[in-house]
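Have a look at target.cif below; it lists mmCIF, C-alpha atoms.
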data_protein
loop_
_atom_site.label_atom_id
_atom_site.label_comp_id
_atom_site.auth_asym_id
_atom_site.auth_seq_id
_atom_site.Cartn_x
_atom_site.Cartn_y
_atom_site.Cartn_z
CA MET A 21 -55.62 177.85 -151.91
CA PRO A 22 -56.91 174.28 -151.65
CA VAL A 23 -60.02 173.44 -153.65
CA ASP A 24 -63.12 172.88 -151.53
CA ALA A 25 -64.23 169.25 -151.57
CA VAL A 26 -67.77 168.45 -150.53
CA ILE A 27 -68.40 164.90 -149.31
CA PRO A 28 -72.01 163.82 -148.73
CA PHE A 29 -72.20 161.33 -145.86
CA LYS A 30 -74.96 159.24 -144.33
CA PRO A 31 -73.95 158.29 -140.79
CA LYS A 32 -77.08 156.30 -139.86
CA ASN A 33 -77.82 152.88 -141.37
CA PRO A 34 -75.66 153.31 -144.51
CA LYS A 35 -74.69 150.67 -147.09
CA THR A 36 -77.75 148.49 -146.61
CA ARG A 37 -76.67 146.23 -149.49
CA LEU A 38 -73.93 145.00 -147.15
CA SER A 39 -76.52 143.85 -144.61
CA CYS A 40 -75.88 140.25 -145.65
CA VAL A 41 -72.41 140.38 -144.11
CA MET A 42 -72.44 143.25 -141.59
CA ASP A 43 -74.92 144.42 -138.97
CA GLN A 44 -75.94 148.07 -138.76
CA GLU A 45 -73.29 149.08 -136.23
CA GLU A 46 -70.59 147.48 -138.38
CA ARG A 47 -71.90 149.12 -141.53
CA GLU A 48 -71.79 152.50 -139.80
CA ALA A 49 -68.20 151.90 -138.66
CA PHE A 50 -67.23 150.69 -142.14
CA ALA A 51 -68.78 153.79 -143.73
CA ARG A 52 -66.76 155.97 -141.35
CA ALA A 53 -63.58 154.05 -142.24
CA MET A 54 -64.23 154.59 -145.98
CA LEU A 55 -64.94 158.27 -145.30
CA SER A 56 -61.64 158.56 -143.48
CA ASP A 57 -59.83 157.08 -146.51
CA VAL A 58 -61.61 159.52 -148.85
CA ILE A 59 -60.75 162.47 -146.62
CA GLY A 60 -57.11 161.38 -146.55
CA ALA A 61 -57.02 161.18 -150.36
CA VAL A 62 -58.80 164.51 -150.78
CA CYS A 63 -56.29 166.25 -148.50
CA ALA A 64 -53.33 164.51 -150.20
CA GLY A 65 -54.72 165.66 -153.56
CA GLY A 66 -54.75 169.30 -152.53
CA CYS A 67 -58.36 169.80 -151.45
CA ALA A 68 -60.02 170.95 -148.22
CA PRO A 69 -62.78 168.51 -147.25
CA ARG A 70 -66.12 169.39 -145.75
CA LEU A 71 -69.00 167.06 -145.03
CA ILE A 72 -72.68 167.34 -145.77
CA CYS A 73 -74.40 164.85 -143.50
CA THR A 74 -77.98 163.64 -143.46
CA ALA A 75 -77.90 163.51 -139.64
CA PRO A 76 -75.73 165.06 -136.90
CA PHE A 77 -72.18 163.73 -137.06
CA ALA A 78 -68.85 164.96 -135.76
CA TYR A 79 -65.60 164.51 -137.64
CA PRO A 80 -62.33 165.73 -136.12
CA ASP A 81 -60.70 167.51 -139.06
CA ALA A 82 -63.49 168.60 -141.38
CA PRO A 83 -66.38 171.03 -140.97
CA VAL A 84 -69.80 169.37 -141.02
CA THR A 85 -73.08 170.74 -142.32
CA VAL A 86 -76.21 168.81 -141.46
CA ASP A 87 -78.69 168.83 -144.33
CA PRO A 88 -81.48 166.25 -144.20
CA ALA A 89 -82.63 167.20 -147.72
CA GLY A 90 -82.06 164.86 -150.65
CA LEU A 91 -78.62 164.47 -152.21
CA ASN A 92 -79.38 166.60 -155.27
CA GLU A 93 -80.93 169.42 -153.28
CA SER A 94 -78.14 169.65 -150.72
CA LEU A 95 -75.40 169.45 -153.37
CA ASP A 96 -77.11 172.09 -155.50
CA ARG A 97 -77.12 174.33 -152.43
CA ALA A 98 -73.39 173.69 -152.00
CA LEU A 99 -72.79 174.57 -155.67
CA ALA A 100 -74.87 177.74 -155.42
CA SER A 101 -72.98 178.98 -152.38
CA ALA A 102 -69.47 177.99 -153.51
CA GLY A 103 -66.94 180.80 -153.78
CA GLY A 104 -64.68 179.02 -156.25
CA PRO A 105 -64.02 175.65 -157.92
CA LEU A 106 -65.69 172.73 -156.16
CA LEU A 107 -65.04 169.02 -156.00
CA ILE A 108 -67.98 166.80 -155.09
CA ILE A 109 -66.89 163.33 -154.10
CA MET A 110 -68.70 160.35 -152.65
CA ALA A 111 -67.73 158.85 -149.29
CA ASP A 112 -67.62 155.21 -150.42
CA LEU A 113 -64.38 155.27 -152.45
CA PRO A 114 -61.85 153.62 -150.16
CA LEU A 115 -59.27 153.12 -152.93
CA ALA A 116 -59.08 156.87 -153.65
CA ASP A 117 -55.61 158.36 -153.54
CA GLY A 118 -54.13 161.82 -153.75
CA ALA A 119 -52.73 161.28 -157.25
CA ALA A 120 -56.17 160.55 -158.71
CA ILE A 121 -57.71 163.55 -156.93
CA ALA A 122 -54.89 165.77 -158.14
CA ARG A 123 -55.39 164.59 -161.74
CA MET A 124 -59.09 165.39 -161.43
CA ILE A 125 -58.72 168.97 -160.24
CA ALA A 126 -55.92 169.55 -162.78
CA THR A 127 -58.33 168.97 -165.67
CA PRO A 128 -58.00 171.47 -168.51
CA ALA A 129 -61.79 171.18 -169.00
CA ASP A 130 -64.58 173.12 -167.29
CA ILE A 131 -65.86 169.96 -165.63
CA ALA A 132 -64.23 166.64 -164.77
CA ILE A 133 -66.49 163.66 -164.13
CA MET A 134 -65.44 160.42 -162.55
CA PRO A 135 -67.96 157.75 -163.51
CA GLY A 136 -68.82 155.02 -161.04
CA ARG A 137 -69.43 151.45 -162.02
CA GLY A 138 -72.88 150.89 -163.50
CA GLY A 139 -73.50 154.39 -164.80
CA GLY A 140 -73.20 156.32 -161.55
CA THR A 141 -71.09 159.36 -160.71
CA ASN A 142 -68.39 159.08 -158.06
CA ALA A 143 -66.92 162.56 -158.28
CA ILE A 144 -67.39 165.82 -160.16
CA PHE A 145 -65.01 168.74 -160.31
CA VAL A 146 -66.64 172.01 -161.35
CA ARG A 147 -64.55 175.05 -162.12
CA ASP A 148 -67.47 177.50 -162.03
CA PRO A 149 -70.18 176.06 -159.75
CA SER A 150 -72.66 178.81 -160.60
CA ARG A 151 -73.04 177.24 -164.07
CA TYR A 152 -73.75 173.68 -162.96
CA HIS A 153 -76.24 171.53 -161.10
CA VAL A 154 -76.34 167.85 -160.28
CA ASP A 155 -78.76 165.01 -160.98
CA TYR A 156 -77.81 161.87 -159.07
CA TYR A 157 -79.43 158.42 -159.16
CA GLY A 158 -79.90 156.11 -162.14
CA ALA A 159 -77.50 156.65 -165.04
CA SER A 160 -76.24 159.86 -163.45
CA PHE A 161 -72.96 159.84 -165.39
CA LEU A 162 -74.88 160.36 -168.63
CA LYS A 163 -77.08 163.02 -167.01
CA HIS A 164 -74.06 164.87 -165.64
CA ALA A 165 -72.33 164.79 -169.02
CA ALA A 166 -75.53 166.10 -170.62
CA ILE A 167 -75.89 168.93 -168.08
CA ALA A 168 -72.33 170.02 -168.92
CA ALA A 169 -73.04 169.87 -172.66
CA ASP A 170 -76.30 171.82 -172.29
CA ALA A 171 -74.44 174.54 -170.38
CA GLY A 172 -71.72 174.69 -173.05
CA LEU A 173 -69.12 173.40 -170.61
CA SER A 174 -66.24 171.20 -171.76
CA CYS A 175 -66.03 167.93 -169.88
CA GLU A 176 -63.24 165.45 -169.18
CA VAL A 177 -64.06 161.88 -168.20
CA VAL A 178 -61.38 161.01 -165.67
CA ASP A 179 -59.69 157.64 -166.04
CA SER A 180 -59.06 156.12 -162.61
CA PHE A 181 -60.10 152.74 -161.28
CA ARG A 182 -59.35 153.95 -157.75
CA LEU A 183 -62.06 156.59 -157.99
CA HIS A 184 -64.28 154.36 -160.17
CA THR A 185 -64.56 151.68 -157.48
CA ASP A 186 -67.47 152.51 -155.19
CA VAL A 187 -68.27 149.98 -152.52
CA ASP A 188 -71.88 148.90 -152.24
CA GLU A 189 -72.03 145.12 -152.30
CA LYS A 190 -70.23 142.14 -150.85
CA GLU A 191 -68.34 141.55 -154.14
CA ASP A 192 -66.91 145.07 -153.94
CA LEU A 193 -65.12 144.16 -150.69
CA VAL A 194 -62.72 142.08 -152.82
CA GLU A 195 -61.34 145.31 -154.26
CA VAL A 196 -60.81 146.80 -150.79
CA LEU A 197 -58.95 143.71 -149.57
CA ILE A 198 -56.76 143.65 -152.69
CA HIS A 199 -56.12 147.33 -153.41
CA GLY A 200 -56.99 149.16 -150.18
CA THR A 201 -54.22 150.48 -147.97
CA GLY A 202 -56.15 152.45 -145.37
CA ALA A 203 -58.80 152.41 -142.69
CA ALA A 204 -61.48 150.56 -144.68
CA ARG A 205 -59.22 147.61 -145.37
CA ARG A 206 -58.03 147.48 -141.77
CA TYR A 207 -61.62 147.55 -140.54
CA LEU A 208 -62.65 144.69 -142.84
CA GLU A 209 -59.68 142.66 -141.66
CA SER A 210 -60.58 143.37 -138.03
CA LEU A 211 -64.03 141.91 -138.70
CA GLY A 212 -62.44 138.74 -140.08
CA PHE A 213 -62.97 139.37 -143.78
CA ALA A 214 -60.45 137.66 -146.06
CA LEU A 215 -60.16 136.76 -149.73
CA SER A 216 -61.47 133.38 -150.77
CA ILE A 217 -60.92 131.63 -154.08
CA GLU A 218 -63.48 129.18 -155.35
CA LYS A 219 -63.39 127.66 -158.81
CA GLY A 220 -60.88 130.28 -159.88
CA ARG A 221 -63.12 133.22 -158.85
CA VAL A 222 -62.02 135.57 -156.11
CA GLY A 223 -64.56 136.41 -153.41
CA VAL A 224 -64.59 137.31 -149.74
CA GLU A 225 -65.48 135.27 -146.70
CA ARG A 226 -65.94 136.36 -143.13
CA ARG A 227 -63.96 134.04 -140.92
CA THR A 228 -65.24 135.28 -137.58
CA HIS A 229 -68.97 135.71 -137.37
CA LYS A 230 -71.29 137.43 -135.03
CA GLU A 231 -74.17 135.23 -134.03
CA THR A 232 -76.42 136.97 -136.49
CA PHE A 233 -74.36 135.89 -139.51
CA MET B 17 -39.52 151.86 -182.01
CA PRO B 18 -43.00 150.88 -180.90
CA VAL B 19 -43.25 148.51 -177.93
CA ASP B 20 -44.40 145.00 -178.83
CA ALA B 21 -47.88 144.29 -177.46
CA VAL B 22 -48.96 140.68 -177.18
CA ILE B 23 -52.71 140.05 -177.13
CA PRO B 24 -53.93 136.53 -176.32
CA PHE B 25 -57.14 135.78 -178.20
CA LYS B 26 -59.59 132.88 -178.24
CA PRO B 27 -61.53 132.98 -181.52
CA LYS B 28 -63.71 129.89 -180.90
CA ASN B 29 -66.55 129.91 -178.36
CA PRO B 30 -65.22 132.80 -176.24
CA LYS B 31 -66.98 134.66 -173.42
CA THR B 32 -69.23 131.80 -172.38
CA ARG B 33 -70.55 133.82 -169.41
CA LEU B 34 -72.39 135.91 -172.01
CA SER B 35 -74.24 132.83 -173.28
CA CYS B 36 -77.39 134.03 -171.50
CA VAL B 37 -77.68 136.94 -173.96
CA MET B 38 -75.67 135.96 -177.07
CA ASP B 39 -75.31 132.75 -179.06
CA GLN B 40 -71.88 131.41 -179.97
CA GLU B 41 -71.64 133.16 -183.33
CA GLU B 42 -72.54 136.48 -181.69
CA ARG B 43 -70.06 135.96 -178.86
CA GLU B 44 -67.35 135.28 -181.44
CA ALA B 45 -68.22 138.45 -183.36
CA PHE B 46 -68.37 140.45 -180.11
CA ALA B 47 -64.95 139.12 -179.05
CA ARG B 48 -63.55 140.20 -182.45
CA ALA B 49 -65.11 143.67 -182.00
CA MET B 50 -63.52 144.04 -178.55
CA LEU B 51 -60.21 142.84 -179.97
CA SER B 52 -60.43 145.47 -182.67
CA ASP B 53 -60.95 148.17 -180.01
CA VAL B 54 -57.97 146.90 -178.02
CA ILE B 55 -55.78 146.85 -181.14
CA GLY B 56 -56.82 150.42 -181.96
CA ALA B 57 -55.91 151.56 -178.43
CA VAL B 58 -52.62 149.67 -178.45
CA CYS B 59 -51.60 151.31 -181.73
CA ALA B 60 -52.74 154.76 -180.55
CA GLY B 61 -50.67 154.25 -177.39
CA GLY B 62 -47.49 153.61 -179.34
CA CYS B 63 -47.36 149.81 -179.42
CA ALA B 64 -47.20 147.24 -182.22
CA PRO B 65 -49.84 144.55 -181.63
CA ARG B 66 -49.45 140.87 -182.31
CA LEU B 67 -51.88 138.11 -181.48
CA ILE B 68 -51.41 134.76 -179.82
CA CYS B 69 -54.46 132.71 -180.71
CA THR B 70 -55.64 129.37 -179.38
CA ALA B 71 -56.87 128.41 -182.87
CA PRO B 72 -56.18 129.58 -186.44
CA PHE B 73 -57.39 133.16 -186.93
CA ALA B 74 -56.58 135.87 -189.44
CA TYR B 75 -56.45 139.55 -188.54
CA PRO B 76 -55.71 142.15 -191.21
CA ASP B 77 -53.16 144.37 -189.48
CA ALA B 78 -51.45 142.24 -186.86
CA PRO B 79 -49.26 139.14 -187.06
CA VAL B 80 -50.83 136.03 -185.57
CA THR B 81 -49.15 133.12 -183.80
CA VAL B 82 -51.27 130.06 -183.15
CA ASP B 83 -50.44 128.46 -179.82
CA PRO B 84 -52.94 126.00 -178.41
CA ALA B 85 -51.01 125.78 -175.11
CA GLY B 86 -52.40 127.35 -171.95
CA LEU B 87 -52.31 131.10 -171.40
CA ASN B 88 -49.40 131.03 -168.97
CA GLU B 89 -47.29 128.75 -171.13
CA SER B 90 -47.80 130.71 -174.34
CA LEU B 91 -47.21 134.07 -172.64
CA ASP B 92 -44.06 132.79 -170.93
CA ARG B 93 -42.84 131.72 -174.36
CA ALA B 94 -43.54 135.25 -175.65
CA LEU B 95 -41.63 136.76 -172.70
CA ALA B 96 -38.69 134.41 -173.21
CA SER B 97 -38.38 135.27 -176.89
CA ALA B 98 -38.97 139.04 -176.59
CA GLY B 99 -36.19 141.27 -177.84
CA GLY B 100 -37.18 144.29 -175.74
CA PRO B 101 -39.90 145.67 -173.47
CA LEU B 102 -43.21 143.84 -173.80
CA LEU B 103 -46.82 144.73 -173.11
CA ILE B 104 -49.21 141.87 -172.47
CA ILE B 105 -52.83 142.96 -172.74
CA MET B 106 -56.09 141.08 -172.72
CA ALA B 107 -58.48 141.22 -175.67
CA ASP B 108 -61.66 141.97 -173.66
CA LEU B 109 -61.00 145.60 -172.74
CA PRO B 110 -63.23 147.55 -175.14
CA LEU B 111 -62.89 150.81 -173.19
CA ALA B 112 -59.10 150.87 -173.63
CA ASP B 113 -57.68 154.03 -175.15
CA GLY B 114 -54.29 155.21 -176.33
CA ALA B 115 -53.81 157.55 -173.38
CA ALA B 116 -54.09 154.73 -170.85
CA ILE B 117 -51.75 152.50 -172.85
CA ALA B 118 -49.25 155.34 -173.17
CA ARG B 119 -49.36 155.95 -169.40
CA MET B 120 -48.69 152.26 -168.85
CA ILE B 121 -45.61 151.97 -171.03
CA ALA B 122 -44.27 155.29 -169.68
CA THR B 123 -44.02 153.84 -166.16
CA PRO B 124 -40.78 154.72 -164.36
CA ALA B 125 -40.96 151.26 -162.73
CA ASP B 126 -39.61 147.93 -164.02
CA ILE B 127 -43.12 146.53 -164.29
CA ALA B 128 -46.55 148.14 -164.63
CA ILE B 129 -49.59 146.06 -163.74
CA MET B 130 -53.17 146.91 -164.61
CA PRO B 131 -55.46 144.99 -162.26
CA GLY B 132 -58.78 143.74 -163.52
CA ARG B 133 -61.91 143.73 -161.46
CA GLY B 134 -62.03 140.89 -158.94
CA GLY B 135 -58.29 140.35 -158.55
CA GLY B 136 -57.41 139.57 -162.16
CA THR B 137 -54.72 141.09 -164.37
CA ASN B 138 -55.75 142.98 -167.50
CA ALA B 139 -52.34 144.15 -168.70
CA ILE B 140 -48.67 143.92 -167.72
CA PHE B 141 -45.82 145.98 -169.10
CA VAL B 142 -42.40 144.42 -168.56
CA ARG B 143 -39.26 146.37 -169.31
CA ASP B 144 -36.95 143.33 -169.22
CA PRO B 145 -39.01 140.25 -170.13
CA SER B 146 -36.15 137.85 -169.39
CA ARG B 147 -36.63 138.59 -165.66
CA TYR B 148 -40.37 137.91 -165.49
CA HIS B 149 -42.98 135.20 -165.91
CA VAL B 150 -46.75 135.20 -165.61
CA ASP B 151 -49.27 133.33 -163.48
CA TYR B 152 -52.82 134.00 -164.64
CA TYR B 153 -56.10 132.74 -163.12
CA GLY B 154 -57.44 133.33 -159.61
CA ALA B 155 -56.08 136.38 -157.80
CA SER B 156 -53.47 136.88 -160.50
CA PHE B 157 -52.92 140.54 -159.68
CA LEU B 158 -51.48 139.57 -156.29
CA LYS B 159 -49.42 136.79 -157.86
CA HIS B 160 -48.04 139.13 -160.51
CA ALA B 161 -47.11 141.73 -157.90
CA ALA B 162 -45.39 138.99 -155.86
CA ILE B 163 -43.45 137.70 -158.88
CA ALA B 164 -42.14 141.23 -159.42
CA ALA B 165 -41.20 141.61 -155.75
CA ASP B 166 -39.46 138.21 -155.68
CA ALA B 167 -37.40 139.21 -158.73
CA GLY B 168 -36.45 142.53 -157.11
CA LEU B 169 -38.41 144.47 -159.74
CA SER B 170 -40.17 147.74 -158.91
CA CYS B 171 -43.85 147.71 -159.78
CA GLU B 172 -46.41 150.41 -160.56
CA VAL B 173 -50.12 149.67 -160.23
CA VAL B 174 -51.67 151.61 -163.09
CA ASP B 175 -54.79 153.63 -162.29
CA SER B 176 -57.22 153.42 -165.21
CA PHE B 177 -60.85 152.35 -165.20
CA ARG B 178 -60.70 152.00 -168.98
CA LEU B 179 -58.12 149.23 -168.71
CA HIS B 180 -59.64 147.90 -165.46
CA THR B 181 -62.97 147.11 -167.11
CA ASP B 182 -62.85 143.64 -168.59
CA VAL B 183 -66.06 142.36 -170.11
CA ASP B 184 -67.18 138.91 -169.02
CA GLU B 185 -70.78 139.14 -167.88
CA LYS B 186 -74.05 140.72 -168.89
CA GLU B 187 -73.66 143.49 -166.28
CA ASP B 188 -70.35 144.49 -167.86
CA LEU B 189 -72.15 145.39 -171.09
CA VAL B 190 -73.52 148.45 -169.26
CA GLU B 191 -70.00 149.88 -169.22
CA VAL B 192 -69.57 149.30 -172.96
CA LEU B 193 -72.87 151.02 -173.76
CA ILE B 194 -72.02 153.98 -171.53
CA HIS B 195 -68.28 154.47 -172.08
CA GLY B 196 -67.48 152.59 -175.28
CA THR B 197 -66.83 154.52 -178.47
CA GLY B 198 -65.70 151.78 -180.82
CA ALA B 199 -66.53 148.51 -182.53
CA ALA B 200 -67.73 146.65 -179.42
CA ARG B 201 -70.35 149.27 -178.62
CA ARG B 202 -71.51 149.42 -182.23
CA TYR B 203 -71.82 145.64 -182.34
CA LEU B 204 -73.89 145.54 -179.14
CA GLU B 205 -76.17 148.24 -180.52
CA SER B 206 -76.53 146.32 -183.79
CA LEU B 207 -77.75 143.33 -181.77
CA GLY B 208 -80.39 145.50 -180.10
CA PHE B 209 -78.72 145.96 -176.72
CA ALA B 210 -79.69 149.14 -174.89
CA LEU B 211 -79.49 150.51 -171.36
CA SER B 212 -82.44 149.84 -169.09
CA ILE B 213 -83.15 151.42 -165.75
CA GLU B 214 -85.12 149.52 -163.15
CA LYS B 215 -85.56 150.68 -159.56
CA GLY B 216 -82.73 153.15 -160.05
CA ARG B 217 -80.24 150.48 -161.15
CA VAL B 218 -78.78 150.59 -164.64
CA GLY B 219 -78.78 147.34 -166.62
CA VAL B 220 -78.98 146.23 -170.23
CA GLU B 221 -81.81 144.72 -172.17
CA ARG B 222 -81.79 143.19 -175.61
CA ARG B 223 -84.66 144.68 -177.56
CA THR B 224 -84.42 142.42 -180.59
CA HIS B 225 -84.12 138.79 -179.79
CA LYS B 226 -83.16 135.76 -181.74
CA GLU B 227 -85.60 132.93 -181.19
CA THR B 228 -83.23 131.30 -178.75
CA PHE B 229 -83.34 134.24 -176.29
#

For this file, write the structure as structure tokens.
Amino acid sequence: MPVDAVIPFKPKNPKTRLSCVMDQEEREAFARAMLSDVIGAVCAGGCAPRLICTAPFAYPDAPVTVDPAGLNESLDRALASAGGPLLIIMADLPLADGAAIARMIATPADIAIMPGRGGGTNAIFVRDPSRYHVDYYGASFLKHAAIAADAGLSCEVVDSFRLHTDVDEKEDLVEVLIHGTGAARRYLESLGFALSIEKGRVGVERRTHKETF
Amino acid sequence: MPVDAVIPFKPKNPKTRLSCVMDQEEREAFARAMLSDVIGAVCAGGCAPRLICTAPFAYPDAPVTVDPAGLNESLDRALASAGGPLLIIMADLPLADGAAIARMIATPADIAIMPGRGGGTNAIFVRDPSRYHVDYYGASFLKHAAIAADAGLSCEVVDSFRLHTDVDEKEDLVEVLIHGTGAARRYLESLGFALSIEKGRVGVERRTHKETF
């Protein structure tokens, strides 16, 4: 039996910190490309994906629940109604691969947490969802570790840069262009994004611009 | 036989991008604390550390070679004179642990590369050093992968956020305060660094200041 993997997804006006280099339509397409990479990794890692979306959205190969509530509320509902182990994973991890997902759900601990950069939480695997709840935003990694400790649950911190790398800002696109192999990288390249090196630092530039950029 | 691990180290005026929050003496002490964490991880992972320093420096438990040449030149010399497999690892990886090092040197490939954030290279394991050379700076991860390909060497990209997280800038200190367990974290705390959360973003603040900050 594959492990259920819940992926929260915001189809409308996502990734606003990329507004400096992409318009809204492009950001929505880029978010869908990243989601497609995450879904591919989740399936390759032995999980069955389903989406919780803030607005109506259709995805070919995964069931979709629309829940306009906040992230914590909708994920707590998913935990409460889960019939077995649950993976919660964010949709903005375009470097994710099946090996990292498989390592996560193979944890010997009760909980496996994948920290994001800057104190966030990119994924949580919970063996017994009835004993856990989430608390996203801010230093959520520390909160999630504390929730596990308070519930007497053992916790593994997973060690993967592929799942650690969430994409929010222009600088993060460097990682997609270097390490990505899927839809998100292809979409960036189709928009004209390429690596640039200035004074020894690696960045990205957009070589073809819409009029607005 | 433990694998030799070469660690380049700059004892004088290192980590200048941290000058906004630490004076030179503090940056030198912080660099030594990070080095100590890396050496601990390298030993725990089954390697024997030795240092290549740009200036005279004494370290209690590791042999030191002083080589004022550039990074590439001194590492190529180390590769050329190696008598067996060699790990090259940077000194600014305070989240490194033995498990990640052990995974690296257990690669089934000829080469294992640990990319740093932003296209850099944080560690390279080379099974046959006579067939490899390095090319640091800029997008060195891509260059190192290309050098392996050109030499007909198979290459694994290691998946570890602990080895991916190199510490160069103030924002990187967040990771040390959240995930560090060793000397670097203790040193930051002794200087008064603590996490701060503003508008949902996690940063660091220095609660006790020298007059210069």

Please determine, counting all atoms listed in the file, which residue among B:Arg48, B:Lys186, B:Arg217, B:Arg223 has the shortest atom-to-atom distance to chain A.
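Looking only at the distances to chain A, the closest residue turns out to be B:Arg217.
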
Residues around (-76.0, 139.2, -153.4), cut-off 12 Å, counting all atoms listed in the file - what are they as a compact mmCIF listing (two decimals) with C-alpha atoms, in the frame of the given file?
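After the write, point_22.txt holds the following:
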# COMPACT_ATOMS: atom_id res chain seq x y z
CA THR A 36 -77.75 148.49 -146.61
CA ARG A 37 -76.67 146.23 -149.49
CA LEU A 38 -73.93 145.00 -147.15
CA SER A 39 -76.52 143.85 -144.61
CA CYS A 40 -75.88 140.25 -145.65
CA VAL A 41 -72.41 140.38 -144.11
CA ASP A 188 -71.88 148.90 -152.24
CA GLU A 189 -72.03 145.12 -152.30
CA LYS A 190 -70.23 142.14 -150.85
CA GLU A 191 -68.34 141.55 -154.14
CA ASP A 192 -66.91 145.07 -153.94
CA GLY A 223 -64.56 136.41 -153.41

Contacts from chain A to chain B, 9 Å maximum, only C-alpha atoms: show me the residue list as a PyMOL selection string.
chain A and resi 120+137-140+157-159+161-162+178-185+191-192+194-195+198-199+217-223

Could you work out an axis-aligned bounding box for all listed atoms of segment 21-28 of chain B, with 3 Å added on each of the six sides, and give its centre and edge lengths in Å to one decimal, as lines of an AutoDock Vina configuration file?
center_x = -55.8
center_y = 137.1
center_z = -178.9
size_x = 21.8
size_y = 20.4
size_z = 11.2

What is the atom CA of Val187 of chain A-atom CA of Arg97 of chain A distance in Å, reported with one decimal?
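Separating atom CA of Val187 of chain A from atom CA of Arg97 of chain A is a distance of 25.9 Å.
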
What is the atom CA of Gly198 of chain B to atom CA of Phe46 of chain B distance in Å?
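Straight-line distance from atom CA of Gly198 of chain B to atom CA of Phe46 of chain B works out to 11.7 Å.
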
Work out how far atom CA of Pro30 of chain B is from atom CA of Ala47 of chain B, in Å to one decimal.
6.9 Å

Which residues fall under the PyMOL selection byres ((chain A and resi 58) around 7) in this file, as a compact mmCIF listing (two decimals) with C-alpha atoms, in the frame of the given file?
# COMPACT_ATOMS: atom_id res chain seq x y z
CA MET A 54 -64.23 154.59 -145.98
CA LEU A 55 -64.94 158.27 -145.30
CA SER A 56 -61.64 158.56 -143.48
CA ASP A 57 -59.83 157.08 -146.51
CA ILE A 59 -60.75 162.47 -146.62
CA GLY A 60 -57.11 161.38 -146.55
CA ALA A 61 -57.02 161.18 -150.36
CA VAL A 62 -58.80 164.51 -150.78
CA ALA A 111 -67.73 158.85 -149.29
CA LEU A 113 -64.38 155.27 -152.45
CA PRO A 114 -61.85 153.62 -150.16
CA ALA A 116 -59.08 156.87 -153.65

How would you write as a list in words the residues that get within 8 Å of (-77.7, 177.0, -157.5) in the file's frame, counting all atoms listed in the file?
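Result, sorted by chain then residue number: Asp96, Arg97, Ala98, Leu99, Ala100, Ser101, Pro149, Ser150, Tyr152 and His153 of chain A.
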
Return the single residue from A:Phe145, A:Met42, A:Ile131, A:Gly212 that is closest to Gly172 of chain A, with distances computed using only C-alpha atoms.
A:Ile131

Nearest candidate to Val154 of chain A (options A:Ala75, A:Met110, A:Ala214, A:Leu95; using all atoms listed in the file):
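For Val154 of chain A, the nearest of the given residues is A:Leu95.
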
Please determine, counting only C-alpha atoms, which residue among B:Ile117, B:Ala45, B:Ala161, B:Val22 has the shortest atom-to-atom distance to Ala60 of chain B.
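Ranked by minimum distance to Ala60 of chain B, first place goes to B:Ile117.
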
Suppose a student applies the PyMOL selection byres ((chain A and resi 106) around 6) to this structure; what residues should they get, written as a ChimeraX atom specification?
/A:24-25,105,107,145-146

Of the candidates B:Ala139, B:Asn29, B:Ala122, B:Ile23, which one gets nearest to Ala78 of chain B if we count only C-alpha atoms?
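Closest residue, counting only C-alpha atoms: B:Ile23.
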
Which one of A:Val196, A:Ala132, A:Ala204, A:Ile125 sits closest to Cys175 of chain A if you count all atoms listed in the file?
A:Ala132
